[in-house]
Amino acid sequence: MSTSFDGLISKVKECGQKTVSVAVAQDSAVLEAVRAAKDRGIANAILVGDEDKIKAIAGELKIDVSDFEIINEPDEWTAALTAVKLAHDGKADMYMKGLLETKTFLKSILDKEVGLRTGRTLSHVCVFDIPGIEQLLFFTDVAFMTYPTLEDKVHIIENTVEVAHACGVPNPKVAPLAAVEVVNPKMPVTVDAAELTKMNEEGKITGCIVDGPLSLDLAIDEEAARHKGATHRKIQGDADVLLFPDIHAGNLVYKAIVHMVDGVKNGCILTGTKVPAILTSRSDSFETKVNSIALAAVVAEELNKTR
């Protein structure tokens, strides 16, 4: 079981060499990340975009791109389609966003001819390595799903459990979060959480343990669980997966941790696709981009075994 990002990266090195295709690769942050990923033995890359601009940016950064395959395609949309087709056709194990808008990146993923559609719901997973917490924490969904329905939450759990399994967590504990840990009909989020718990107990959601509703402190703080008398719960401060009720709650907690907690490491991917898609923000750190490639590589290895 990987309990840190260092452990996750070690797990990557046990896998076969993975390749990431980058759409519109003329981006300094992305080029730095793929160069570091290659140097660390995490993954190789195929760079799709304006070749002259890619080489110019690489030159300014003193990055040697001579050992990467570069596919010259100056048009943004055509570059995205070319890059996603590499993943669709099995020539790349992961698909990464470069210097293009998120909506264009998602449009390429959903393309009927060369995209990565599987018929499953798409959702976002962020894996955190937080000082003081022994295990990796899987946050979902903090960036893609806005107001998930009960059915959406089932799919989000399924997608996230698949990622947790790939990271070596055999039976992850999933905490559907709310402001309180009891069902209140006036708070629909708590009703959904209880229903998800029931579905898990009935075998409709498998591969994990679901226990909700739970407040955040009960989910991640064993001492808080004891003080609140929650020793009867299946999760007592040892949750692996934090299922947020909506994008506001998830995104605010995500950004609070990233910007206010020292020593945090994280990586994020889009799931529900044929191969992992790396959808990082322009504001994400260099290390987050490298960690996201590592996370995608581990998930890609698991998908190769199970599909």
# chains A, B, ... in the order shown; residues from 1 in each chain; ligands from 1
call {"tool": "residues_around", "arguments": {"residues": "stretch 40-51 of chain A", "least_positions_apart": "4", "cutoff": "7 Å", "atoms": "only C-alpha atoms", "output": "list in words"}}
result
Val12, Lys13, Gln17, Lys18, Thr19, Val20, Ser21, Val22, Ala23, Val24, Ala25, Gln26, Val34, Ala36, Lys55, Phe68, Glu69, Ile70, Ile71, Asn72, Glu73, Pro74, Ala79, Ala83 and Ala294 of chain A
call {"tool": "write_last_selection", "arguments": {"atoms": "N, CA, C and O atoms", "output": "short mmCIF file (atom, residue, chain, number, x, y, z; two decimals), in the first residue's frame"}}
result
data_model
loop_
_atom_site.label_atom_id
_atom_site.label_comp_id
_atom_site.auth_asym_id
_atom_site.auth_seq_id
_atom_site.Cartn_x
_atom_site.Cartn_y
_atom_site.Cartn_z
N VAL A 12 5.37 3.31 -9.36
CA VAL A 12 5.41 3.57 -10.81
C VAL A 12 6.60 2.86 -11.44
O VAL A 12 6.50 2.28 -12.52
N LYS A 13 7.72 2.93 -10.74
CA LYS A 13 8.95 2.37 -11.31
C LYS A 13 8.92 0.85 -11.39
O LYS A 13 9.75 0.24 -12.08
N GLN A 17 7.22 0.84 -18.67
CA GLN A 17 7.35 2.24 -19.08
C GLN A 17 6.05 2.75 -19.68
O GLN A 17 5.49 2.15 -20.59
N LYS A 18 5.56 3.85 -19.16
CA LYS A 18 4.32 4.45 -19.63
C LYS A 18 4.63 5.69 -20.48
O LYS A 18 5.69 6.30 -20.34
N THR A 19 3.68 6.04 -21.35
CA THR A 19 3.83 7.20 -22.23
C THR A 19 2.61 8.09 -22.09
O THR A 19 1.48 7.61 -22.09
N VAL A 20 2.85 9.39 -21.99
CA VAL A 20 1.77 10.36 -21.94
C VAL A 20 1.78 11.19 -23.21
O VAL A 20 2.85 11.64 -23.66
N SER A 21 0.62 11.35 -23.83
CA SER A 21 0.51 12.25 -24.99
C SER A 21 0.03 13.60 -24.49
O SER A 21 -0.91 13.68 -23.69
N VAL A 22 0.69 14.66 -24.94
CA VAL A 22 0.39 16.01 -24.47
C VAL A 22 -0.24 16.82 -25.60
O VAL A 22 0.34 16.93 -26.68
N ALA A 23 -1.41 17.36 -25.34
CA ALA A 23 -2.11 18.18 -26.33
C ALA A 23 -1.69 19.63 -26.21
O ALA A 23 -1.82 20.23 -25.14
N VAL A 24 -1.17 20.19 -27.30
CA VAL A 24 -0.69 21.59 -27.36
C VAL A 24 0.42 21.75 -26.32
O VAL A 24 0.27 22.41 -25.30
N ALA A 25 1.55 21.16 -26.62
CA ALA A 25 2.63 21.00 -25.65
C ALA A 25 3.53 22.23 -25.51
O ALA A 25 4.48 22.18 -24.72
N GLN A 26 3.25 23.31 -26.24
CA GLN A 26 4.10 24.50 -26.16
C GLN A 26 3.77 25.32 -24.89
O GLN A 26 3.30 26.44 -24.93
N VAL A 34 7.02 17.15 -17.87
CA VAL A 34 7.27 15.90 -18.62
C VAL A 34 8.76 15.58 -18.65
O VAL A 34 9.16 14.41 -18.64
N ALA A 36 10.89 16.30 -16.19
CA ALA A 36 11.18 15.74 -14.86
C ALA A 36 10.63 14.32 -14.74
O ALA A 36 11.26 13.45 -14.15
N LYS A 55 10.17 23.89 -29.24
CA LYS A 55 11.64 23.91 -29.17
C LYS A 55 12.15 25.25 -28.66
O LYS A 55 13.15 25.31 -27.92
N PHE A 68 12.38 13.25 -27.00
CA PHE A 68 10.93 13.13 -27.04
C PHE A 68 10.47 13.10 -28.50
O PHE A 68 11.04 13.81 -29.35
N GLU A 69 9.43 12.34 -28.76
CA GLU A 69 8.80 12.43 -30.08
C GLU A 69 7.95 13.70 -30.12
O GLU A 69 7.17 13.95 -29.20
N ILE A 70 8.13 14.50 -31.16
CA ILE A 70 7.35 15.72 -31.33
C ILE A 70 6.53 15.60 -32.61
O ILE A 70 7.08 15.31 -33.68
N ILE A 71 5.24 15.78 -32.51
CA ILE A 71 4.36 15.78 -33.67
C ILE A 71 3.95 17.22 -33.94
O ILE A 71 3.29 17.84 -33.11
N ASN A 72 4.38 17.74 -35.07
CA ASN A 72 4.14 19.15 -35.39
C ASN A 72 2.70 19.35 -35.84
O ASN A 72 2.28 18.84 -36.88
N GLU A 73 1.93 20.08 -35.05
CA GLU A 73 0.55 20.42 -35.40
C GLU A 73 0.21 21.77 -34.78
O GLU A 73 -0.19 21.85 -33.63
N PRO A 74 0.40 22.85 -35.55
CA PRO A 74 0.19 24.20 -35.00
C PRO A 74 -1.26 24.51 -34.63
O PRO A 74 -1.50 25.31 -33.73
N ALA A 79 -4.34 19.54 -32.94
CA ALA A 79 -3.33 19.01 -32.03
C ALA A 79 -3.99 18.18 -30.91
O ALA A 79 -3.51 17.10 -30.55
N ALA A 83 -3.43 14.23 -30.31
CA ALA A 83 -2.91 13.72 -29.04
C ALA A 83 -3.86 12.72 -28.39
O ALA A 83 -3.44 11.68 -27.87
N ALA A 294 2.58 10.77 -12.35
CA ALA A 294 2.87 9.53 -11.62
C ALA A 294 1.58 8.80 -11.24
O ALA A 294 1.46 7.58 -11.39
#
call {"tool": "select_by_dssp", "arguments": {"residues": "stretch 119-303 of chain A", "states": "strand (DSSP E or B)", "output": "mmCIF file with N, CA, C and O atoms, in the first residue's frame"}}
result
data_model
loop_
_atom_site.group_PDB
_atom_site.id
_atom_site.type_symbol
_atom_site.label_atom_id
_atom_site.label_comp_id
_atom_site.auth_asym_id
_atom_site.auth_seq_id
_atom_site.Cartn_x
_atom_site.Cartn_y
_atom_site.Cartn_z
ATOM 1 N N SER A 123 -15.342 11.916 -13.674
ATOM 2 C CA SER A 123 -15.186 12.601 -12.385
ATOM 3 C C SER A 123 -13.710 12.824 -12.119
ATOM 4 O O SER A 123 -12.838 12.206 -12.735
ATOM 5 N N HIS A 124 -13.441 13.712 -11.177
ATOM 6 C CA HIS A 124 -12.085 14.147 -10.871
ATOM 7 C C HIS A 124 -11.657 13.568 -9.530
ATOM 8 O O HIS A 124 -12.422 13.551 -8.579
ATOM 9 N N VAL A 125 -10.424 13.097 -9.462
ATOM 10 C CA VAL A 125 -9.869 12.560 -8.218
ATOM 11 C C VAL A 125 -8.554 13.256 -7.930
ATOM 12 O O VAL A 125 -7.690 13.351 -8.807
ATOM 13 N N CYS A 126 -8.401 13.739 -6.717
ATOM 14 C CA CYS A 126 -7.138 14.325 -6.280
ATOM 15 C C CYS A 126 -6.608 13.513 -5.109
ATOM 16 O O CYS A 126 -7.343 13.274 -4.144
ATOM 17 N N VAL A 127 -5.367 13.079 -5.216
ATOM 18 C CA VAL A 127 -4.751 12.284 -4.156
ATOM 19 C C VAL A 127 -3.793 13.173 -3.372
ATOM 20 O O VAL A 127 -2.910 13.806 -3.949
ATOM 21 N N PHE A 128 -3.978 13.218 -2.060
ATOM 22 C CA PHE A 128 -3.192 14.076 -1.181
ATOM 23 C C PHE A 128 -2.285 13.257 -0.261
ATOM 24 O O PHE A 128 -2.696 12.241 0.290
ATOM 25 N N ASP A 129 -1.071 13.735 -0.106
ATOM 26 C CA ASP A 129 -0.127 13.254 0.892
ATOM 27 C C ASP A 129 0.057 14.427 1.856
ATOM 28 O O ASP A 129 0.734 15.411 1.544
ATOM 29 N N LEU A 137 -4.934 10.459 1.072
ATOM 30 C CA LEU A 137 -6.349 10.807 1.048
ATOM 31 C C LEU A 137 -6.787 11.089 -0.377
ATOM 32 O O LEU A 137 -6.113 11.814 -1.110
ATOM 33 N N PHE A 138 -7.924 10.516 -0.738
ATOM 34 C CA PHE A 138 -8.467 10.672 -2.088
ATOM 35 C C PHE A 138 -9.653 11.635 -2.018
ATOM 36 O O PHE A 138 -10.684 11.314 -1.427
ATOM 37 N N PHE A 139 -9.505 12.816 -2.610
ATOM 38 C CA PHE A 139 -10.563 13.839 -2.600
ATOM 39 C C PHE A 139 -11.366 13.742 -3.894
ATOM 40 O O PHE A 139 -10.786 13.704 -4.985
ATOM 41 N N THR A 140 -12.691 13.756 -3.771
ATOM 42 C CA THR A 140 -13.514 13.714 -4.969
ATOM 43 C C THR A 140 -14.907 14.253 -4.684
ATOM 44 O O THR A 140 -15.418 14.080 -3.588
ATOM 45 N N LYS A 173 -11.917 3.087 2.677
ATOM 46 C CA LYS A 173 -13.042 3.595 3.459
ATOM 47 C C LYS A 173 -13.487 4.928 2.878
ATOM 48 O O LYS A 173 -12.693 5.876 2.828
ATOM 49 N N VAL A 174 -14.743 4.986 2.456
ATOM 50 C CA VAL A 174 -15.298 6.155 1.763
ATOM 51 C C VAL A 174 -16.218 6.912 2.712
ATOM 52 O O VAL A 174 -17.191 6.349 3.229
ATOM 53 N N ALA A 175 -15.921 8.195 2.917
ATOM 54 C CA ALA A 175 -16.734 9.025 3.796
ATOM 55 C C ALA A 175 -17.504 10.062 2.988
ATOM 56 O O ALA A 175 -16.913 11.039 2.523
ATOM 57 N N PRO A 176 -18.819 9.870 2.785
ATOM 58 C CA PRO A 176 -19.636 10.934 2.183
ATOM 59 C C PRO A 176 -19.796 12.062 3.207
ATOM 60 O O PRO A 176 -20.416 11.873 4.251
ATOM 61 N N LEU A 177 -19.224 13.208 2.915
ATOM 62 C CA LEU A 177 -19.131 14.280 3.905
ATOM 63 C C LEU A 177 -20.370 15.157 3.960
ATOM 64 O O LEU A 177 -21.057 15.369 2.962
ATOM 65 N N ILE A 209 -15.704 0.370 1.734
ATOM 66 C CA ILE A 209 -16.600 0.529 2.879
ATOM 67 C C ILE A 209 -17.108 1.964 2.851
ATOM 68 O O ILE A 209 -16.316 2.906 2.826
ATOM 69 N N VAL A 210 -18.417 2.139 2.836
ATOM 70 C CA VAL A 210 -19.011 3.474 2.820
ATOM 71 C C VAL A 210 -19.688 3.727 4.161
ATOM 72 O O VAL A 210 -20.437 2.883 4.657
ATOM 73 N N LEU A 214 -20.820 11.802 7.371
ATOM 74 C CA LEU A 214 -19.768 12.054 8.341
ATOM 75 C C LEU A 214 -19.309 13.499 8.214
ATOM 76 O O LEU A 214 -19.184 14.019 7.098
ATOM 77 N N VAL A 241 -11.149 7.893 1.401
ATOM 78 C CA VAL A 241 -11.790 8.691 0.355
ATOM 79 C C VAL A 241 -12.741 9.692 0.995
ATOM 80 O O VAL A 241 -13.602 9.321 1.808
ATOM 81 N N LEU A 242 -12.590 10.955 0.636
ATOM 82 C CA LEU A 242 -13.506 11.998 1.082
ATOM 83 C C LEU A 242 -14.387 12.390 -0.098
ATOM 84 O O LEU A 242 -13.907 12.955 -1.086
ATOM 85 N N LEU A 243 -15.666 12.046 0.004
ATOM 86 C CA LEU A 243 -16.634 12.366 -1.047
ATOM 87 C C LEU A 243 -17.332 13.669 -0.663
ATOM 88 O O LEU A 243 -18.093 13.721 0.295
ATOM 89 N N LYS A 265 1.762 17.260 -0.642
ATOM 90 C CA LYS A 265 1.977 16.796 -2.016
ATOM 91 C C LYS A 265 0.642 16.303 -2.555
ATOM 92 O O LYS A 265 -0.139 15.695 -1.823
ATOM 93 N N ASN A 266 0.375 16.558 -3.826
ATOM 94 C CA ASN A 266 -0.865 16.039 -4.402
ATOM 95 C C ASN A 266 -0.729 15.854 -5.904
ATOM 96 O O ASN A 266 0.153 16.422 -6.548
ATOM 97 N N GLY A 267 -1.615 15.039 -6.444
ATOM 98 C CA GLY A 267 -1.704 14.824 -7.875
ATOM 99 C C GLY A 267 -3.155 14.553 -8.232
ATOM 100 O O GLY A 267 -3.903 14.010 -7.404
ATOM 101 N N CYS A 268 -3.558 14.952 -9.440
ATOM 102 C CA CYS A 268 -4.976 14.874 -9.814
ATOM 103 C C CYS A 268 -5.143 14.288 -11.208
ATOM 104 O O CYS A 268 -4.324 14.545 -12.103
ATOM 105 N N ILE A 269 -6.215 13.532 -11.393
ATOM 106 C CA ILE A 269 -6.556 13.011 -12.718
ATOM 107 C C ILE A 269 -8.069 13.034 -12.916
ATOM 108 O O ILE A 269 -8.837 13.102 -11.955
ATOM 109 N N LEU A 270 -8.458 12.977 -14.180
ATOM 110 C CA LEU A 270 -9.856 12.800 -14.548
ATOM 111 C C LEU A 270 -10.075 11.319 -14.805
ATOM 112 O O LEU A 270 -9.264 10.675 -15.488
ATOM 113 N N THR A 271 -11.144 10.765 -14.248
ATOM 114 C CA THR A 271 -11.407 9.332 -14.364
ATOM 115 C C THR A 271 -12.736 9.078 -15.084
ATOM 116 O O THR A 271 -13.503 9.995 -15.345
ATOM 117 N N ALA A 277 -6.773 10.830 -17.693
ATOM 118 C CA ALA A 277 -6.560 12.141 -18.298
ATOM 119 C C ALA A 277 -6.024 13.088 -17.226
ATOM 120 O O ALA A 277 -6.581 13.163 -16.128
ATOM 121 N N ILE A 278 -4.955 13.791 -17.560
ATOM 122 C CA ILE A 278 -4.294 14.671 -16.597
ATOM 123 C C ILE A 278 -4.748 16.093 -16.875
ATOM 124 O O ILE A 278 -4.348 16.721 -17.846
#
call {"tool": "closest_residue", "arguments": {"among": "A:Pro276, A:Ala80, A:Leu218, A:Ala92", "to": "A:Asn159", "atoms": "only C-alpha atoms"}}
result
A:Pro276
call {"tool": "select_by_dssp", "arguments": {"residues": "stretch 79-229 of chain A", "states": "helix (DSSP H, G or I)", "output": "ChimeraX atom specification"}}
result
/A:79-88,102-109,150-166,188-201,216-220,222-227
call {"tool": "residues_around", "arguments": {"residues": "A:Gln236", "least_positions_apart": "5", "cutoff": "8 Å", "atoms": "only C-alpha atoms", "output": "PyMOL selection string"}}
result
chain A and resi 218-222+225-226+230-231
call {"tool": "write_last_selection", "arguments": {"atoms": "N, CA and C atoms", "output": "tab-separated table (two decimals), in the first residue's frame"}}
result
chain	number	residue	atom	x	y	z
A	218	LEU	N	-14.71	13.82	11.96
A	218	LEU	CA	-14.88	12.39	12.24
A	218	LEU	C	-14.22	11.53	11.17
A	219	ALA	N	-14.18	12.03	9.95
A	219	ALA	CA	-13.63	11.25	8.84
A	219	ALA	C	-12.11	11.12	8.93
A	220	ILE	N	-11.42	12.17	9.43
A	220	ILE	CA	-9.95	12.16	9.34
A	220	ILE	C	-9.24	12.28	10.69
A	221	ASP	N	-9.98	12.45	11.77
A	221	ASP	CA	-9.35	12.67	13.08
A	221	ASP	C	-9.87	11.64	14.08
A	222	GLU	N	-9.04	10.66	14.40
A	222	GLU	CA	-9.45	9.57	15.30
A	222	GLU	C	-9.82	10.10	16.68
A	225	ALA	N	-13.23	11.59	16.69
A	225	ALA	CA	-14.25	10.54	16.66
A	225	ALA	C	-14.49	9.99	18.07
A	226	ARG	N	-13.41	9.83	18.83
A	226	ARG	CA	-13.54	9.34	20.20
A	226	ARG	C	-14.29	10.35	21.07
A	230	ALA	N	-18.15	8.51	18.59
A	230	ALA	CA	-18.48	7.86	17.32
A	230	ALA	C	-17.77	6.52	17.15
A	231	THR	N	-17.52	5.85	18.27
A	231	THR	CA	-16.77	4.60	18.20
A	231	THR	C	-17.57	3.44	17.62
call {"tool": "closest_residue", "arguments": {"among": "A:Asp39, A:Asp27, A:Asp246, A:Glu14", "to": "A:Ile54", "atoms": "only C-alpha atoms"}}
result
A:Asp27
call {"tool": "closest_residue", "arguments": {"among": "A:Leu31, A:Leu303, A:Ile247, A:Leu110", "to": "A:Asp141", "atoms": "only C-alpha atoms"}}
result
A:Ile247
call {"tool": "residues_around", "arguments": {"residues": "A:Pro188", "least_positions_apart": "3", "cutoff": "12 Å", "atoms": "only C-alpha atoms", "output": "PyMOL selection string"}}
result
chain A and resi 147-150+177-180+182-185+191-195+213+245-246
call {"tool": "write_last_selection", "arguments": {"atoms": "C-alpha atoms", "output": "PDB file, in the first residue's frame"}}
result
ATOM      1  CA  TYR A 147     -23.818  19.386  -7.983  1.00  0.00           C
ATOM      2  CA  PRO A 148     -23.734  15.576  -8.195  1.00  0.00           C
ATOM      3  CA  THR A 149     -26.976  13.662  -7.855  1.00  0.00           C
ATOM      4  CA  LEU A 150     -27.222  10.454  -5.846  1.00  0.00           C
ATOM      5  CA  LEU A 177     -19.131  14.280   3.905  1.00  0.00           C
ATOM      6  CA  ALA A 178     -21.686  16.656   5.374  1.00  0.00           C
ATOM      7  CA  ALA A 179     -21.767  19.377   8.017  1.00  0.00           C
ATOM      8  CA  VAL A 180     -23.171  16.852  10.489  1.00  0.00           C
ATOM      9  CA  VAL A 182     -26.595  12.353  11.438  1.00  0.00           C
ATOM     10  CA  VAL A 183     -29.378  12.229   8.875  1.00  0.00           C
ATOM     11  CA  ASN A 184     -31.437  15.401   8.700  1.00  0.00           C
ATOM     12  CA  PRO A 185     -34.260  15.472   6.109  1.00  0.00           C
ATOM     13  CA  VAL A 191     -29.961  11.743   3.096  1.00  0.00           C
ATOM     14  CA  ASP A 192     -27.799  10.939   0.070  1.00  0.00           C
ATOM     15  CA  ALA A 193     -24.939   9.885   2.334  1.00  0.00           C
ATOM     16  CA  ALA A 194     -27.154   7.475   4.261  1.00  0.00           C
ATOM     17  CA  GLU A 195     -28.493   6.019   1.008  1.00  0.00           C
ATOM     18  CA  PRO A 213     -22.987  11.060   6.625  1.00  0.00           C
ATOM     19  CA  PRO A 245     -21.272  17.049  -1.477  1.00  0.00           C
ATOM     20  CA  ASP A 246     -20.608  19.604  -4.236  1.00  0.00           C
TER      21      ASP A 246
END
call {"tool": "closest_residue", "arguments": {"among": "A:Val189, A:Val142, A:Met96, A:Ile235", "to": "A:Pro172", "atoms": "only C-alpha atoms"}}
result
A:Ile235
call {"tool": "residues_around", "arguments": {"residues": "A:Pro170", "least_positions_apart": "3", "cutoff": "10 Å", "atoms": "only C-alpha atoms", "output": "ChimeraX atom specification"}}
result
/A:1,161-162,164-167,173,207-208
call {"tool": "atom_distance", "arguments": {"atom1": "atom CA of A:Val84", "atom2": "atom CA of A:Phe144"}}
result
19.1 Å
call {"tool": "residues_around", "arguments": {"residues": "A:Thr104", "least_positions_apart": "5", "cutoff": "9 Å", "atoms": "only C-alpha atoms", "output": "MDAnalysis selection string"}}
result
chainID A and resid 76:77 80 109
call {"tool": "atom_distance", "arguments": {"atom1": "atom CA of A:Ile156", "atom2": "atom CA of A:Thr273"}}
result
12.4 Å
call {"tool": "closest_residue", "arguments": {"among": "A:Arg282, A:Leu116, A:Leu295, A:Thr288", "to": "A:Glu101", "atoms": "only C-alpha atoms"}}
result
A:Arg282
